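Raw start.txt, compact mmCIF, C-alpha atoms:
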```txt
# COMPACT_ATOMS: atom_id res chain seq x y z
CA MET A 505 -197.46 -172.43 28.22
CA PRO A 506 -196.37 -171.20 31.69
CA THR A 507 -199.07 -169.91 34.01
CA VAL A 508 -198.91 -167.71 37.08
CA GLU A 509 -201.85 -167.37 39.46
CA ILE A 510 -201.85 -165.11 42.51
CA LYS A 511 -204.72 -164.50 44.95
CA GLU A 512 -205.14 -161.75 47.52
CA LEU A 513 -207.88 -160.87 49.99
CA ILE A 514 -208.81 -157.19 49.71
CA PRO A 515 -210.70 -155.17 52.37
CA ALA A 516 -213.23 -153.82 49.86
CA SER A 517 -216.14 -155.03 47.77
CA ALA A 518 -215.48 -156.85 44.51
CA GLU A 519 -217.17 -153.98 42.66
CA SER A 520 -214.88 -151.37 44.23
CA VAL A 521 -211.73 -153.37 43.57
CA PHE A 522 -212.78 -154.05 39.98
CA ALA A 523 -213.51 -150.34 39.43
CA LEU A 524 -210.10 -149.26 40.70
CA VAL A 525 -208.11 -151.93 38.84
CA HIS A 526 -209.63 -150.85 35.51
CA ASP A 527 -209.53 -147.10 36.16
CA TYR A 528 -206.55 -145.98 34.08
CA GLN A 529 -206.74 -142.45 35.51
CA ARG A 530 -205.85 -143.93 38.93
CA ARG A 531 -203.85 -147.02 37.93
CA LEU A 532 -200.45 -145.64 38.90
CA GLU A 533 -201.68 -144.73 42.40
CA TRP A 534 -201.35 -148.36 43.45
CA ASP A 535 -199.74 -150.41 40.65
CA THR A 536 -196.10 -151.09 41.58
CA LEU A 537 -195.19 -152.66 38.23
CA LEU A 538 -196.10 -149.83 35.87
CA SER A 539 -194.56 -146.50 34.95
CA GLU A 540 -197.25 -145.68 32.39
CA ALA A 541 -200.84 -146.88 31.88
CA TYR A 542 -203.65 -145.57 29.70
CA LEU A 543 -206.42 -146.53 27.34
CA GLU A 544 -206.01 -145.63 23.69
CA THR A 545 -207.71 -142.35 22.81
CA GLU A 546 -210.85 -143.83 21.26
CA PHE A 547 -211.76 -145.49 24.56
CA SER A 548 -213.01 -143.40 27.48
CA GLU A 549 -213.31 -146.39 29.81
CA ALA A 550 -212.23 -149.99 30.10
CA LYS A 551 -214.68 -152.37 28.42
CA ARG A 552 -214.72 -155.34 26.07
CA GLY A 553 -212.77 -154.37 22.95
CA ALA A 554 -210.92 -151.47 24.63
CA ILE A 555 -207.17 -151.30 24.05
CA SER A 556 -204.78 -150.45 26.86
CA PHE A 557 -201.11 -149.54 26.94
CA CYS A 558 -199.04 -150.43 30.00
CA ARG A 559 -195.31 -149.85 30.36
CA GLY A 560 -193.35 -151.60 33.08
CA LYS A 561 -190.87 -149.79 35.27
CA ILE A 562 -187.34 -149.39 33.92
CA MET A 563 -185.84 -151.75 36.51
CA LEU A 564 -187.97 -154.51 34.93
CA GLY A 565 -186.94 -153.64 31.39
CA GLY A 566 -189.54 -150.94 30.70
CA PHE A 567 -191.38 -153.20 28.27
CA ALA A 568 -194.68 -151.93 26.91
CA LEU A 569 -197.65 -154.23 26.50
CA ARG A 570 -200.52 -153.20 24.29
CA THR A 571 -203.49 -155.36 25.19
CA GLN A 572 -207.13 -155.65 24.27
CA TYR A 573 -209.95 -156.55 26.62
CA VAL A 574 -211.53 -159.78 25.38
CA SER A 575 -213.81 -160.17 28.40
CA PHE A 576 -215.26 -157.56 30.72
CA GLU A 577 -217.99 -158.23 33.27
CA LYS A 578 -218.06 -155.42 35.87
CA GLY A 579 -217.34 -156.55 39.39
CA LYS A 580 -216.52 -160.10 38.29
CA VAL A 581 -213.91 -160.66 35.58
CA ALA A 582 -211.83 -158.99 32.91
CA ALA A 583 -209.33 -160.59 30.54
CA VAL A 584 -206.85 -159.21 28.04
CA LYS A 585 -204.75 -160.54 25.18
CA LEU A 586 -201.47 -159.17 23.85
CA LEU A 587 -201.55 -157.17 20.61
CA ASN A 588 -197.92 -156.08 20.21
CA GLN A 589 -194.64 -158.00 20.23
CA PRO A 590 -192.57 -156.79 23.21
CA PRO A 591 -189.15 -158.34 23.88
CA PHE A 592 -189.27 -161.86 25.33
CA PHE A 593 -193.06 -162.33 24.93
CA GLU A 594 -194.41 -164.33 22.01
CA THR A 595 -197.82 -164.60 23.68
CA PHE A 596 -199.36 -163.06 26.79
CA ALA A 597 -202.88 -163.19 28.21
CA ALA A 598 -204.17 -162.28 31.65
CA SER A 599 -207.41 -162.48 33.57
CA ILE A 600 -208.48 -160.83 36.79
CA ARG A 601 -211.36 -162.44 38.66
CA HIS A 602 -213.12 -160.89 41.64
CA ARG A 603 -214.97 -162.96 44.20
CA ALA A 604 -217.17 -161.30 46.79
CA ILE A 605 -216.65 -162.56 50.31
CA ASP A 606 -219.04 -160.10 51.96
CA ALA A 607 -220.06 -156.46 51.39
CA ASN A 608 -216.64 -155.16 52.47
CA HIS A 609 -214.21 -157.93 51.49
CA SER A 610 -213.32 -159.71 48.29
CA GLU A 611 -210.70 -161.92 46.73
CA ILE A 612 -208.84 -160.99 43.57
CA ILE A 613 -207.40 -163.78 41.42
CA TYR A 614 -204.86 -162.66 38.82
CA LYS A 615 -203.86 -165.27 36.25
CA VAL A 616 -201.26 -164.85 33.50
CA ASN A 617 -200.37 -167.19 30.64
CA PHE A 618 -197.41 -166.48 28.40
CA THR A 619 -194.94 -167.94 25.95
CA ALA A 620 -191.38 -166.65 25.80
CA LYS A 621 -189.33 -165.84 22.75
CA PRO A 622 -187.01 -166.75 21.21
CA ARG A 623 -188.15 -170.37 21.19
CA ILE A 624 -184.63 -171.75 21.64
CA LEU A 625 -184.28 -169.92 24.99
CA ARG A 626 -187.64 -171.04 26.44
CA PRO A 627 -186.09 -173.64 28.78
CA ILE A 628 -184.21 -170.78 30.45
CA LEU A 629 -186.70 -167.92 29.96
CA HIS A 630 -189.90 -169.68 31.06
CA PRO A 631 -188.81 -170.41 34.66
CA MET A 632 -187.14 -167.01 35.00
CA MET A 633 -190.11 -165.07 33.57
CA ARG A 634 -192.57 -167.13 35.62
CA PHE A 635 -190.64 -166.31 38.80
CA ILE A 636 -190.50 -162.58 37.98
CA LEU A 637 -194.18 -162.40 37.00
CA LYS A 638 -195.22 -164.24 40.14
CA TRP A 639 -193.07 -162.01 42.37
CA GLU A 640 -194.26 -158.79 40.68
CA THR A 641 -197.92 -159.83 40.65
CA ARG A 642 -197.81 -160.68 44.35
CA LYS A 643 -196.21 -157.28 45.01
CA ARG A 644 -198.88 -155.50 42.91
CA LEU A 645 -201.78 -157.20 44.67
CA LYS A 646 -200.33 -156.44 48.11
CA ALA A 647 -200.04 -152.78 47.03
CA LEU A 648 -203.68 -152.90 45.88
CA LYS A 649 -204.68 -154.30 49.28
CA LYS A 650 -202.70 -151.56 51.04
CA PHE A 651 -204.43 -148.91 48.88
CA PHE A 652 -207.82 -150.07 50.18
CA GLN A 653 -206.55 -150.29 53.77
CA ILE A 654 -205.43 -146.65 53.57
CA HIS A 655 -208.34 -145.33 51.49
CA THR A 656 -211.20 -146.87 53.45
CA ASP A 657 -213.71 -144.44 51.93
CA PHE A 658 -212.82 -145.35 48.33
CA SER A 659 -215.51 -148.03 47.96
CA LYS A 660 -218.18 -145.58 49.14
CA ASN A 661 -217.08 -143.06 46.50
CA VAL A 662 -216.93 -145.63 43.71
CA LEU A 663 -220.39 -146.97 44.31
CA ALA A 664 -222.09 -143.67 45.15
```
Would you kindly transcribe this structure into structure tokens?
Amino acid sequence: MPTVEIKELIPASAESVFALVHDYQRRLEWDTLLSEAYLETEFSEAKRGAISFCRGKIMLGGFALRTQYVSFEKGKVAAVKLLNQPPFFETFAASIRHRAIDANHSEIIYKVNFTAKPRILRPILHPMMRFILKWETRKRLKALKKFFQIHTDFSKNVLA
């Protein structure tokens, strides 16, 4: 099962970064991969058991992933598993860990595991999908970092 892991230092507390990453009202303000992101109607906030819907941008195929939070510890870690069957993904799971460095800096560690389909094309799809996921995840986390560099007061508002 291919794995992608990307880390980025963010100029904000782990709690602030965690809050923004899982705030689906604000997700598209920073997330460069998505064209649509929301929680299903029965969930007012991200939490263990909540189901999210995220659609990638058209230039990346516009695939929609419906995922469920299987772990959710505010300020520390959240993990999701795939519920639907989008093209090219047989399995997909992701975790986002947050490590406090000090009161105003943290590290985010985004890890993705997946299996491509169809099985016969895995020798071709796995390296290609791994490359694309790594490139896009790095781009997303740099955009998240830039968001906090621009919105320096965001962490104060989140934790107030």
Problem set entry | Best match for closeness to A:Ile612 among A:Ile514, A:Ala550, A:Val525, A:Leu629, counting only C-alpha atoms | A:Ile514
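Distance-wise, atom CA of A:Glu540 and atom CA of A:Leu569 end up 10.4 Å apart.
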Problem set entry | Shell around stretch 574-583 of chain A at 9 Å using only C-alpha atoms, local window under 4 positions removed, as a PyMOL selection string | chain A and resi 517-523+526+550-554+597-604
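Atom CA of A:Phe593 sits 12.1 Å away from atom CA of A:Val616.
Shortest atom-to-atom contact with A:Asp535 among A:His655, A:Arg644, A:Lys649, A:Lys621: A:Arg644, counting all atoms listed in the file.
The coordinates place atom CA of A:Glu509 at 21.5 Å from atom CA of A:Pro590.
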Quick one: axis-aligned box around all listed atoms of stretch 531-546 of chain A, 4 Å on every side, centre and edge lengths in Å to one decimal, written as lines of an AutoDock Vina configuration file.
```
center_x = -202.7
center_y = -147.5
center_z = 32.4
size_x = 24.3
size_y = 18.3
size_z = 30.2
```
